[in-house]
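The structure file input.csv is reproduced below (CSV, C-alpha atoms and all ligand atoms).
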```
chain,number,residue,atom,x,y,z
C,1,MET,CA,-97.3,42.0,150.0
C,2,SER,CA,-94.5,41.2,147.6
C,3,GLU,CA,-91.2,39.5,148.6
C,4,THR,CA,-89.2,42.7,148.3
C,5,LYS,CA,-91.6,44.6,150.6
C,6,LYS,CA,-91.4,41.8,153.2
C,7,GLU,CA,-87.6,42.1,153.2
C,8,THR,CA,-87.8,45.8,153.6
C,9,ALA,CA,-90.1,45.6,156.6
C,10,LEU,CA,-87.8,43.1,158.3
C,11,ASP,CA,-84.8,45.4,157.5
C,12,ALA,CA,-86.6,48.3,159.0
C,13,MET,CA,-87.3,46.4,162.2
C,14,ALA,CA,-83.6,45.3,162.4
C,15,GLY,CA,-82.5,48.9,161.8
C,16,ASP,CA,-84.8,50.2,164.5
C,17,GLY,CA,-82.2,50.0,167.2
C,18,GLY,CA,-84.7,47.7,168.7
C,19,TYR,CA,-83.9,44.4,170.2
C,20,GLN,CA,-80.7,44.6,172.3
C,21,GLU,CA,-80.2,41.4,174.2
C,22,GLU,CA,-77.7,43.0,176.5
C,23,LYS,CA,-80.2,45.3,178.2
C,24,TYR,CA,-82.2,42.4,179.7
C,25,LEU,CA,-81.5,41.3,183.2
C,26,GLY,CA,-83.2,38.0,182.4
C,27,ASN,CA,-80.7,37.3,179.7
C,28,TYR,CA,-77.8,38.0,182.0
C,29,LEU,CA,-79.3,35.7,184.7
C,30,ARG,CA,-79.8,32.9,182.3
C,31,PHE,CA,-76.2,33.3,181.1
C,32,LYS,CA,-74.9,33.3,184.7
C,33,MET,CA,-76.9,30.2,185.7
C,34,ARG,CA,-75.7,28.4,182.6
C,35,ARG,CA,-72.1,29.4,183.3
C,36,GLU,CA,-72.3,28.1,186.9
C,37,GLY,CA,-74.1,24.9,185.9
C,38,LYS,CA,-77.3,25.9,187.7
C,39,ARG,CA,-80.3,24.1,186.2
C,40,PHE,CA,-83.3,26.4,185.7
C,41,TRP,CA,-86.1,24.2,184.4
C,42,ALA,CA,-89.7,25.2,185.1
C,43,GLY,CA,-89.8,23.2,188.3
C,44,ASP,CA,-86.5,24.4,189.7
C,45,ASN,CA,-86.1,26.9,192.4
C,46,ILE,CA,-83.7,29.7,191.4
C,47,SER,CA,-84.1,32.1,194.4
C,48,ASP,CA,-80.3,32.1,195.0
C,49,TYR,CA,-80.0,34.1,191.8
C,50,ILE,CA,-82.7,36.6,192.2
C,51,THR,CA,-83.2,39.5,194.7
C,52,GLU,CA,-86.5,41.3,195.4
C,53,GLN,CA,-85.2,44.3,193.4
C,54,ASP,CA,-84.4,42.1,190.5
C,55,LYS,CA,-87.9,40.7,190.5
C,56,ASP,CA,-89.4,44.1,189.8
C,57,ARG,CA,-87.1,44.5,186.8
C,58,LEU,CA,-87.8,40.9,185.6
C,59,ILE,CA,-91.5,41.7,185.8
C,60,ASP,CA,-91.0,44.7,183.6
C,61,GLU,CA,-89.1,42.6,181.1
C,62,ALA,CA,-91.7,39.9,181.1
C,63,THR,CA,-94.4,42.5,180.6
C,64,GLU,CA,-92.7,43.7,177.5
C,65,ALA,CA,-92.4,40.1,176.3
C,66,PHE,CA,-96.1,39.3,177.0
C,67,GLU,CA,-97.1,42.5,175.1
C,68,LEU,CA,-95.3,41.1,172.1
C,69,VAL,CA,-97.1,37.7,172.5
C,70,LEU,CA,-100.5,39.5,172.6
C,71,ASP,CA,-99.4,41.5,169.5
C,72,ARG,CA,-98.5,38.3,167.7
C,73,LEU,CA,-101.9,36.8,168.7
C,74,LEU,CA,-103.4,39.9,166.9
C,75,ILE,CA,-105.1,41.1,170.1
C,76,ASP,CA,-105.6,44.8,170.2
C,77,ARG,CA,-104.3,45.7,173.6
C,78,GLU,CA,-104.6,49.4,172.9
C,79,THR,CA,-108.4,49.7,172.3
C,80,ASP,CA,-109.7,46.5,174.0
C,81,PRO,CA,-110.1,47.7,177.6
C,82,ASN,CA,-110.0,44.1,178.9
C,83,SER,CA,-106.6,43.5,177.2
C,84,HIS,CA,-105.1,46.8,178.2
C,85,GLY,CA,-103.2,45.8,181.3
C,86,THR,CA,-103.1,42.1,180.5
C,87,ALA,CA,-99.4,41.8,179.7
C,88,ARG,CA,-98.4,43.3,183.1
C,89,ARG,CA,-101.1,41.2,184.9
C,90,LEU,CA,-99.6,38.0,183.3
C,91,ALA,CA,-96.0,39.0,184.2
C,92,LYS,CA,-96.9,39.7,187.9
C,93,MET,CA,-99.1,36.6,188.1
C,94,TYR,CA,-96.2,34.4,186.9
C,95,PHE,CA,-93.6,35.8,189.3
C,96,ASN,CA,-95.8,36.4,192.3
C,97,GLU,CA,-98.4,33.7,192.2
C,98,ILE,CA,-98.4,30.7,189.8
C,99,MET,CA,-94.6,30.4,189.6
C,100,ALA,CA,-93.7,32.0,192.9
C,101,GLY,CA,-92.1,28.8,194.2
C,102,ARG,CA,-89.3,29.2,191.6
C,103,TYR,CA,-88.3,32.7,192.8
C,104,GLU,CA,-88.9,32.5,196.6
C,105,PRO,CA,-86.6,30.8,199.0
C,106,ALA,CA,-87.9,27.8,200.9
C,107,PRO,CA,-90.4,28.7,203.6
C,108,ASP,CA,-89.0,28.9,207.1
C,109,ALA,CA,-89.9,25.7,208.8
C,110,THR,CA,-88.4,25.9,212.3
C,111,ALA,CA,-88.1,22.4,213.7
C,112,PHE,CA,-88.8,21.6,217.3
C,113,PRO,CA,-87.2,18.7,219.1
C,114,ASN,CA,-89.2,15.5,219.4
C,115,ASP,CA,-87.0,13.8,222.0
C,116,SER,CA,-88.8,14.2,225.3
C,117,GLN,CA,-90.0,11.2,227.3
C,118,ASP,CA,-93.5,11.4,225.8
C,119,ARG,CA,-92.2,11.9,222.2
C,120,TYR,CA,-94.8,11.4,219.5
C,121,GLU,CA,-94.1,8.2,217.7
C,122,GLY,CA,-97.3,7.8,215.7
C,123,MET,CA,-98.0,8.6,212.1
C,124,LEU,CA,-98.9,12.1,211.1
C,125,VAL,CA,-101.0,12.8,208.0
C,126,VAL,CA,-101.5,16.3,206.7
C,127,ARG,CA,-103.9,17.3,203.9
C,128,SER,CA,-102.6,20.2,201.8
C,129,GLU,CA,-104.5,21.9,199.1
C,130,LEU,CA,-102.4,22.4,196.0
C,131,ARG,CA,-102.4,24.7,193.0
C,132,SER,CA,-99.8,24.1,190.4
C,133,MET,CA,-99.3,24.4,186.7
C,134,CYS,CA,-98.2,21.8,184.1
C,135,SER,CA,-94.9,22.8,182.5
C,136,HIS,CA,-96.0,21.4,179.1
C,137,HIS,CA,-99.0,23.7,178.5
C,138,HIS,CA,-99.0,26.1,181.5
C,139,GLN,CA,-102.5,24.9,182.4
C,140,PRO,CA,-103.7,24.7,186.0
C,141,VAL,CA,-103.2,21.6,188.1
C,142,SER,CA,-105.4,21.6,191.1
C,143,GLY,CA,-105.8,19.1,193.9
C,144,VAL,CA,-104.8,17.8,197.2
C,145,ALA,CA,-101.6,16.3,198.7
C,146,TYR,CA,-101.7,14.0,201.6
C,147,ILE,CA,-98.3,14.0,203.4
C,148,GLY,CA,-97.6,11.3,205.9
C,149,ILE,CA,-94.6,10.9,208.1
C,150,ILE,CA,-93.5,9.0,211.1
C,151,ALA,CA,-91.9,11.7,213.2
C,152,ALA,CA,-88.2,11.5,213.7
C,153,GLU,CA,-86.2,13.6,216.2
C,154,LYS,CA,-87.8,16.9,214.9
C,155,LEU,CA,-91.3,18.2,214.4
C,156,ILE,CA,-92.4,21.2,212.4
C,157,GLY,CA,-95.5,23.2,212.7
C,158,LEU,CA,-98.5,21.7,211.0
C,159,SER,CA,-99.1,24.6,208.6
C,160,LYS,CA,-95.4,24.2,207.5
C,161,TYR,CA,-96.3,21.0,205.6
C,162,THR,CA,-98.7,22.8,203.5
C,163,ARG,CA,-96.4,25.8,203.0
C,164,ILE,CA,-93.6,23.5,201.8
C,165,ALA,CA,-96.0,21.6,199.5
C,166,GLN,CA,-97.3,24.8,198.0
C,167,TRP,CA,-93.8,26.2,197.6
C,168,CYS,CA,-93.0,23.1,195.5
C,169,ALA,CA,-96.3,23.3,193.6
C,170,ARG,CA,-96.1,27.0,192.6
C,171,ARG,CA,-93.9,26.2,189.6
C,172,GLY,CA,-94.2,24.5,186.3
C,173,THR,CA,-94.3,20.9,187.2
C,174,LEU,CA,-95.5,17.4,186.3
C,175,GLN,CA,-97.5,15.7,189.0
C,176,GLU,CA,-95.0,12.8,189.3
C,177,GLU,CA,-92.2,15.3,189.7
C,178,LEU,CA,-94.2,17.4,192.2
C,179,CYS,CA,-94.8,14.3,194.3
C,180,ASN,CA,-91.1,13.6,194.5
C,181,ASP,CA,-90.2,17.2,195.2
C,182,ILE,CA,-92.7,17.4,198.1
C,183,ALA,CA,-91.4,14.1,199.6
C,184,ARG,CA,-87.8,15.4,199.3
C,185,GLU,CA,-88.4,18.8,200.9
C,186,ILE,CA,-90.6,17.4,203.7
C,187,GLY,CA,-87.8,14.9,204.4
C,188,LYS,CA,-85.3,17.7,204.5
C,189,ALA,CA,-87.4,19.9,206.9
C,190,THR,CA,-88.4,17.1,209.3
C,191,GLY,CA,-85.5,14.7,209.1
C,192,ALA,CA,-88.1,11.9,208.7
C,193,ARG,CA,-86.9,8.9,206.7
C,194,ASP,CA,-90.3,7.2,206.8
C,195,LEU,CA,-92.7,9.2,204.7
C,196,GLY,CA,-95.3,9.1,202.0
C,197,VAL,CA,-96.9,11.7,199.7
C,198,TYR,CA,-100.1,11.0,197.8
C,199,ILE,CA,-101.5,13.6,195.3
C,200,GLN,CA,-104.8,13.6,193.7
C,201,ALA,CA,-105.3,16.4,191.1
C,202,THR,CA,-107.1,17.5,188.0
C,203,HIS,CA,-105.3,18.8,185.0
C,204,GLY,CA,-106.4,21.7,182.9
C,205,CYS,CA,-104.3,20.5,180.0
C,206,CYS,CA,-106.5,17.3,179.8
C,207,GLU,CA,-109.8,19.2,180.4
C,208,ASN,CA,-109.5,22.5,178.4
C,209,ARG,CA,-107.7,21.1,175.4
C,210,GLY,CA,-106.4,17.9,173.9
C,211,ILE,CA,-108.7,15.0,174.9
C,212,MET,CA,-111.1,17.5,176.6
C,213,ALA,CA,-111.6,15.0,179.5
C,214,HIS,CA,-114.6,15.8,181.6
C,215,SER,CA,-112.6,15.0,184.7
C,216,SER,CA,-108.9,14.3,184.6
C,217,LEU,CA,-108.3,13.0,188.1
C,218,THR,CA,-104.7,11.7,188.4
C,219,GLN,CA,-103.2,10.0,191.4
C,220,THR,CA,-99.5,9.7,192.3
C,221,THR,CA,-97.8,8.2,195.3
C,222,VAL,CA,-94.2,8.4,196.6
C,223,LEU,CA,-93.3,6.1,199.5
C,224,LYS,CA,-90.1,6.0,201.4
C,225,GLY,CA,-88.7,4.0,204.3
C,226,ALA,CA,-91.4,2.1,206.3
C,227,PHE,CA,-94.1,3.5,204.1
C,228,ARG,CA,-92.6,1.6,201.2
C,229,ASP,CA,-91.2,-1.5,203.0
C,230,ASP,CA,-93.7,-2.2,205.7
C,231,PRO,CA,-97.2,-3.2,204.4
C,232,GLY,CA,-98.8,-2.3,207.8
C,233,THR,CA,-97.4,1.3,207.6
C,234,LYS,CA,-98.5,1.6,204.0
C,235,LYS,CA,-102.0,0.5,204.8
C,236,GLU,CA,-102.3,2.8,207.8
C,237,PHE,CA,-101.3,5.7,205.5
C,238,MET,CA,-103.8,4.8,202.8
C,239,ASP,CA,-106.5,4.3,205.5
C,240,ASN,CA,-105.8,7.7,206.9
C,241,ILE,CA,-106.2,9.2,203.5
C,242,LYS,CA,-109.6,7.5,203.1
C,243,LEU,CA,-110.6,8.8,206.5
C,244,GLN,CA,-109.5,12.3,205.5
C,245,GLN,CA,-111.4,12.1,202.2
C,246,GLU,CA,-114.6,11.1,204.0
C,247,PHE,CA,-114.4,14.2,206.2
C,248,ALA,CA,-113.1,16.6,203.6
C,249,PRO,CA,-114.2,15.6,200.2
C,250,ARG,CA,-112.0,16.8,197.4
T,1,ZN,ZN,-100.0,19.8,180.2
```

Using structure tokens, write down the structure from this file.
Ligand SMILES: [Zn+2]
Amino acid sequence: MSETKKETALDAMAGDGGYQEEKYLGNYLRFKMRREGKRFWAGDNISDYITEQDKDRLIDEATEAFELVLDRLLIDRETDPNSHGTARRLAKMYFNEIMAGRYEPAPDATAFPNDSQDRYEGMLVVRSELRSMCSHHHQPVSGVAYIGIIAAEKLIGLSKYTRIAQWCARRGTLQEELCNDIAREIGKATGARDLGVYIQATHGCCENRGIMAHSSLTQTTVLKGAFRDDPGTKKEFMDNIKLQQEFAPR
């Protein structure tokens, strides 16, 4: 194709009426968040800005964008039956599954008082399965978080630890960041100041590409309060993790 023909093709696209930024709700929401100083990185929750109704429209807009990506990758989504609904599947998967923790509000974790005479004062360690995604390559991160707390004045239901951890994980994250996020949110929900989060996970971005590692096991630990300052508490947490791993291998 000659240079003049290329220009003509581009001109035709531009004159096609085509790409009107204004019609996209996604553009409006990005504008609004920027104006209000709201950060919207891959690991941030932006549920305050999005209603369920908005989500349907955002999925439609993302479908359109994924269609363009597939076209640019020269994949025939019209005649290839496997690629036919792929753009929509991708859009729904991002909003409703692998990045759901960005768009959904925090899980309801009703706290019960822990202030009776026989209040529980020991350490509590919960093992939570995690599925996340690295924000650099959008490759799967899969592993387990061990969440330990020394109960303060409140207790939450055991399943809530995992719900909170998964809500933090269902975003684009880095494992270090995820570990911090879970510690912060568990602290908020339980009021506990003494807590630890240990994550062990494999990373698709090290296994499927790049260094093609056979296994990419990565460990991160965040310790707060007595978990950080008292060697006995830290050891008890680590011993509990080892015990859990013996009974429930990764
Ligand atoms: Zn990555």

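Among the candidate residues C:Arg102, C:Gln117, C:Arg57, C:Pro231, the one lying nearest to C:Lys23 is C:Arg57, with distances computed using all atoms listed in the file.
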
Next on the checklist: How would you report the residues lying within 9 Å of ligand ZN 1 (chain T), as a PyMOL selection string, if you count only C-alpha atoms and all ligand atoms?
Outcome noted: chain C and resi 133-141+174+203-206

Checklist entry - So which one's closest to C:Leu158, C:Tyr198, C:Pro107, C:Leu124, C:Ile241? Using only C-alpha atoms, please. => result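 Among the listed residues, the smallest separation from C:Leu158 belongs to C:Leu124.
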
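The smallest atom-to-atom distance between C:Phe227 and any of C:Ile59, C:Ala145, C:Ala201, C:Met123, using only C-alpha atoms, is found for C:Met123.
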
Checklist entry - Which residue, C:Asp44, C:Met99, C:Ile50, C:Leu130, has the smallest gap to C:Leu29 when you use all atoms listed in the file? => result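 Comparing C:Asp44, C:Met99, C:Ile50, C:Leu130 against C:Leu29, the winner is C:Ile50.
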
Item to check | Nearest residue to C:Asn240 from the set C:Ile147, C:Leu74, C:Ile46, C:Ala106 (distances using all atoms listed in the file) | outcome: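 Checking each candidate against C:Asn240, we get C:Ile147 as the closest.
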
Checklist entry - Which is closest to C:Glu129 among C:Gln166, C:Asn27, C:Thr233, C:Ser159, if we use only C-alpha atoms? => result C:Gln166

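If you look at atom CA of C:Asp48 and atom CA of C:Pro105, they are 7.6 Å away from each other.
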
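Computed from the coordinates, the atom CA of C:Thr51 to atom CA of C:Met93 distance equals 17.5 Å.
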
Item to check | Distance in Å - atom CA of C:Gln219 versus atom CA of C:Gly232 | outcome: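 Atom CA of C:Gly232 lies at a distance of 21.0 Å from atom CA of C:Gln219.
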